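These notes are about the structure you will find just below.
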Amino acid sequence: MRARVAHILTPHSHDSADRTDTALESSSRGMRVLGVSFVVLVVTAFAQAVVVAFSGSVALLGDTLHNFADALTAIPLAIAFWLGRRVATRRFTYGYGKAEDLAGLVIVGIIAASAVFAGYEAVGRLVTPKDVHALGWVAAAGLIGFAGNEWVARYRIRVGREIGSAALVADGLHARTDGFTSLAVLLGAGGAALGFPIADPIIGLLITVAICLVLRDAAREIYHRLMDAVDPALLDQVEAVLAATPGVRRVGSVRMRWVGHVLRAEVEIAVDHRLSLIEAHAVAVEAEHRLIHQVSRLRAATVHADPDGPRGADHHASLTGHREPSPA
C-alpha cells in the first residue's frame with residue numbers, strides 16, 4: 001500500500017512521448033559508449049604503431065591495423081543508434097530499432113573475418129618463421145592492445161546489457177577477441193625471447209579457436225534477436241504481473257519482441273463479462289500500467305481484454321480457424 005501511494009504521488013507519465021524519451025536516453029548511452037570506446041581503440045592503435053615503426057614486427061603490425069579497423073566497427077552501430085532515434089512512420093510503424101540487429105550482423109561478419117585473419121597469420125608464420133626485434137617493446141605493445149580492448153569490451157558489454165542492445169554486446173565481444181589477438185603478440189614475443197619462435201604461431205592458432213568461440217556466442221545472440229526470441233523468464237514475469245492485476249480473471253496469450261533495445265508486448269486477459277466497456281478498458285489500462293513499471297525495458301504493451309463468461313460462450317468462434325496458436 002505504501003508503494004502504491006508513493007507511486008501515485010510521484011510525478012510520472014506513460015504517454016508515448018515519455019516512452020520515446022526513455023528509448024532516446026538508452027540510444028544516447030549507446031552513442032556515448034561508442035564514442036568513448038572509439039577514442040580508446042584509436043589511441044591504443046597509435047601507441048602500437050609507434051612500436052611497429054622501430055621493431056619491424058609483422059605480427060604487431062597486423063594487430064595494429066586490426067585495432068584501427070575494429071575502431072571503425074563503431075560506425076555501423078552508431079548509425080543504427082542514430083536511426084533508432086527516428087520516430088515511427090506509416091511504413092515503419094515500429095520505428096527503426098531493428099537497425100541495431102542489422103548492425104549486429106555486420107559485427108558478426110567482422111568477428112568472422114578476424115578469426116580468418118588470425119588463423120591465416122598463424123599458419124603463415126608456422127610455414128615461414130620471422131624474427132622480431134625489440135621484443136620487450138613488442139610485448140609491451142601487445143599488453144597495451146590487450147588492456148585497451150578488454151576495457152572497451154567490458155564497457156560495451158555492460159552498457160549493452162543494461163540498455164538491452166544485443167548489437168552493442170556483440171561489439172563488446174568483438175573487442176574481446178581483439179584483446180585475445182593482442183595477447184597472442186605478447187605471449188609470442190615471450191616465447192621468442194625464451195628461444196621458442198614457434199610459440200608465436202601456435203598461440204595464434206589457439207587464439208583463433210578462442211575467437212571462433214566468441215563468434216558462436218555473438219552469432220547466437222544476434223540470431224535470437226532477428227528471430228524475435230525472448231527469455232522465457234520474461235513471459236513468466238509478464239504473466240505474474242497480469243495475474244496480480246485487479247479485475248484480471250485469467251491470462252491468455254502473451255507475446256513479446258525486441259525492437260532495437262526496447263521490448264514490446266501483446267497480451268490477452270479475461271475480465272468479468274458483466275463489466276461495461278469503460279470498466280473493462282480500465283482493467284486493461286491498469287494492466288499495461290503495471291507492465292511498463294515492473295518489466296525492465298518494456299516500452300509499450302497492447303492489452304486485449306476478453307469477456308470471461310457466460311459459461312459455454314465462445315467469443316472468438318469465428319476466428320478459430322484464423323488465429324495462430326499461443327506460445328507453449
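The chains in the C-alpha cells are called A, B, ... from first to last as shown; in each chain the residues are counted from 1, and the ligands are counted from 1 in the order shown.
For A:Arg158, the residues within 10 Å (counting only C-alpha atoms, excluding itself and residues fewer than 5 positions away along the chain) are Val152, Ala153, Ile163, Gly164, Leu168, Val169 and Gly172 of chain A.
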Write the residues you've just listed into a file as a PDB file, in the first residue's frame, and include N, CA and C atoms for each of them.
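Result went into part_32.pdb, see below:
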ATOM      1  N   VAL A 152      37.452  -1.755 -23.349  1.00  0.00           N
ATOM      2  CA  VAL A 152      36.344  -1.440 -24.253  1.00  0.00           C
ATOM      3  C   VAL A 152      35.308  -2.556 -24.234  1.00  0.00           C
ATOM      4  N   ALA A 153      35.764  -3.813 -24.208  1.00  0.00           N
ATOM      5  CA  ALA A 153      34.845  -4.944 -24.204  1.00  0.00           C
ATOM      6  C   ALA A 153      33.947  -4.913 -22.968  1.00  0.00           C
ATOM      7  N   ILE A 163      21.063  -1.578 -21.410  1.00  0.00           N
ATOM      8  CA  ILE A 163      20.057  -0.944 -22.276  1.00  0.00           C
ATOM      9  C   ILE A 163      19.386  -1.961 -23.195  1.00  0.00           C
ATOM     10  N   GLY A 164      19.817  -3.229 -23.133  1.00  0.00           N
ATOM     11  CA  GLY A 164      19.183  -4.275 -23.924  1.00  0.00           C
ATOM     12  C   GLY A 164      19.588  -4.303 -25.382  1.00  0.00           C
ATOM     13  N   LEU A 168      25.320  -4.057 -29.366  1.00  0.00           N
ATOM     14  CA  LEU A 168      26.397  -3.474 -28.582  1.00  0.00           C
ATOM     15  C   LEU A 168      27.126  -4.556 -27.782  1.00  0.00           C
ATOM     16  N   VAL A 169      26.386  -5.543 -27.302  1.00  0.00           N
ATOM     17  CA  VAL A 169      27.021  -6.675 -26.618  1.00  0.00           C
ATOM     18  C   VAL A 169      27.919  -7.437 -27.586  1.00  0.00           C
ATOM     19  N   GLY A 172      31.000  -5.633 -28.101  1.00  0.00           N
ATOM     20  CA  GLY A 172      31.889  -5.819 -26.957  1.00  0.00           C
ATOM     21  C   GLY A 172      32.624  -7.145 -27.029  1.00  0.00           C
TER      22      GLY A 172
END
So which residues touch stretch 239-255 of chain A within 10 Å, counting only C-alpha atoms, skipping near sequence neighbours fewer than 3 positions away, as a PyMOL selection string? chain A and resi 228+230+233-236+264-272+275+279-280+282-284+286-291+294-295+301-308+325-328
Separation of atom CA of A:Val51 and atom CA of A:Arg154, in Å? 25.7 Å
As a list of chain:residue names, please: the residues near A:Asn149 (cut-off 8 Å, only C-alpha atoms, same-chain neighbours under 3 positions excluded). A:Leu41, A:Gly145, A:Phe146, A:Val152, A:Ala153, A:Ala175, A:Arg176, A:Asp178, A:Gly179
Could you give me, as a VMD selection string, the residues within 9 Å of A:Ile110, counting only C-alpha atoms and dropping anything in the same chain fewer than 3 positions from it? chain A and resid 70 73 105 to 107 113 to 115 174
Residues of the last selection are to be written out with all heavy atoms, as an mmCIF file, in the first residue's frame.
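Writing the result to again.cif gives the following:
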data_model
loop_
_atom_site.group_PDB
_atom_site.id
_atom_site.type_symbol
_atom_site.label_atom_id
_atom_site.label_comp_id
_atom_site.auth_asym_id
_atom_site.auth_seq_id
_atom_site.Cartn_x
_atom_site.Cartn_y
_atom_site.Cartn_z
ATOM 1 N N ASP A 70 38.983 -2.241 -36.237
ATOM 2 C CA ASP A 70 37.947 -2.558 -35.258
ATOM 3 C C ASP A 70 37.340 -1.304 -34.648
ATOM 4 O O ASP A 70 36.169 -1.294 -34.261
ATOM 5 C CB ASP A 70 38.523 -3.447 -34.157
ATOM 6 C CG ASP A 70 38.955 -4.795 -34.703
ATOM 7 O OD1 ASP A 70 38.451 -5.168 -35.775
ATOM 8 O OD2 ASP A 70 39.795 -5.448 -34.085
ATOM 9 N N THR A 73 34.357 -0.306 -36.476
ATOM 10 C CA THR A 73 33.095 -1.057 -36.377
ATOM 11 C C THR A 73 32.064 -0.286 -35.571
ATOM 12 O O THR A 73 30.869 -0.626 -35.603
ATOM 13 C CB THR A 73 33.323 -2.422 -35.704
ATOM 14 O OG1 THR A 73 33.816 -2.228 -34.365
ATOM 15 C CG2 THR A 73 34.298 -3.277 -36.494
ATOM 16 N N LEU A 105 24.674 -7.934 -37.415
ATOM 17 C CA LEU A 105 25.121 -8.852 -38.469
ATOM 18 C C LEU A 105 26.476 -8.420 -39.031
ATOM 19 O O LEU A 105 27.346 -9.259 -39.290
ATOM 20 C CB LEU A 105 24.078 -8.902 -39.590
ATOM 21 C CG LEU A 105 22.804 -9.694 -39.312
ATOM 22 C CD1 LEU A 105 21.851 -9.572 -40.502
ATOM 23 C CD2 LEU A 105 23.117 -11.157 -39.047
ATOM 24 N N VAL A 106 26.639 -7.110 -39.222
ATOM 25 C CA VAL A 106 27.921 -6.598 -39.720
ATOM 26 C C VAL A 106 29.037 -6.925 -38.731
ATOM 27 O O VAL A 106 30.128 -7.366 -39.116
ATOM 28 C CB VAL A 106 27.838 -5.079 -39.960
ATOM 29 C CG1 VAL A 106 29.206 -4.516 -40.346
ATOM 30 C CG2 VAL A 106 26.809 -4.764 -41.041
ATOM 31 N N ILE A 107 28.754 -6.744 -37.439
ATOM 32 C CA ILE A 107 29.763 -7.003 -36.410
ATOM 33 C C ILE A 107 30.126 -8.488 -36.379
ATOM 34 O O ILE A 107 31.297 -8.855 -36.253
ATOM 35 C CB ILE A 107 29.247 -6.534 -35.045
ATOM 36 C CG1 ILE A 107 29.135 -5.006 -35.041
ATOM 37 C CG2 ILE A 107 30.176 -7.002 -33.918
ATOM 38 C CD1 ILE A 107 28.374 -4.457 -33.854
ATOM 39 N N ALA A 113 35.688 -12.457 -39.871
ATOM 40 C CA ALA A 113 36.877 -12.067 -40.635
ATOM 41 C C ALA A 113 38.110 -12.032 -39.725
ATOM 42 O O ALA A 113 39.217 -12.385 -40.153
ATOM 43 C CB ALA A 113 36.655 -10.702 -41.281
ATOM 44 N N SER A 114 37.906 -11.625 -38.457
ATOM 45 C CA SER A 114 39.027 -11.606 -37.507
ATOM 46 C C SER A 114 39.561 -13.016 -37.278
ATOM 47 O O SER A 114 40.773 -13.227 -37.207
ATOM 48 C CB SER A 114 38.569 -11.007 -36.176
ATOM 49 O OG SER A 114 38.120 -9.681 -36.342
ATOM 50 N N ALA A 115 38.645 -13.979 -37.169
ATOM 51 C CA ALA A 115 39.065 -15.364 -36.965
ATOM 52 C C ALA A 115 39.861 -15.870 -38.170
ATOM 53 O O ALA A 115 40.898 -16.522 -38.018
ATOM 54 C CB ALA A 115 37.843 -16.251 -36.719
ATOM 55 N N HIS A 174 33.331 -8.619 -29.731
ATOM 56 C CA HIS A 174 34.306 -8.434 -30.805
ATOM 57 C C HIS A 174 35.576 -7.788 -30.261
ATOM 58 O O HIS A 174 36.694 -8.206 -30.582
ATOM 59 C CB HIS A 174 33.694 -7.564 -31.903
ATOM 60 C CG HIS A 174 34.634 -7.253 -33.005
ATOM 61 N ND1 HIS A 174 34.637 -6.054 -33.670
ATOM 62 C CD2 HIS A 174 35.632 -7.980 -33.557
ATOM 63 C CE1 HIS A 174 35.587 -6.058 -34.588
ATOM 64 N NE2 HIS A 174 36.208 -7.217 -34.543
#
Apply DSSP to the backbone of this structure and, from stretch 129-314 of chain A, keep only the residues in strand (DSSP E or B); write these as an MDAnalysis selection string. chainID A and resid 250:259 262:272 298:308
From stretch 234-310 of chain A, collect each residue whose DSSP state is alpha helix (DSSP H) and return the set as JSON, numbers by chain. {"A": [234, 235, 236, 237, 238, 239, 240, 241, 242, 243, 277, 278, 279, 280, 281, 282, 283, 284, 285, 286, 287, 288, 289, 290, 291, 292, 293, 294]}
Within 8 Å of stretch 82-104 of chain A, which residues of stretch 179-273 of chain A come that close, and what is the closest atom pair and distance in Å for each? Count only C-alpha atoms and give it as a tab-separated table.
residue	atom	partner	partner_atom	distance
A:Ile222	CA	A:Gly104	CA	6.2
A:Arg225	CA	A:Asp101	CA	6.8
A:Leu226	CA	A:Asp101	CA	6.5
A:Val259	CA	A:Gly97	CA	5.0
A:Gly260	CA	A:Gly97	CA	3.9
A:His261	CA	A:Gly97	CA	7.1
Expressed in Å, the length from atom CA of A:Thr64 to atom CA of A:Val116 is 16.4 Å
Nearest to A:Gly204 by atom-to-atom distance, counting only C-alpha atoms, from A:Ala147, A:Leu72, A:Ala49, A:Ala184: A:Ala184
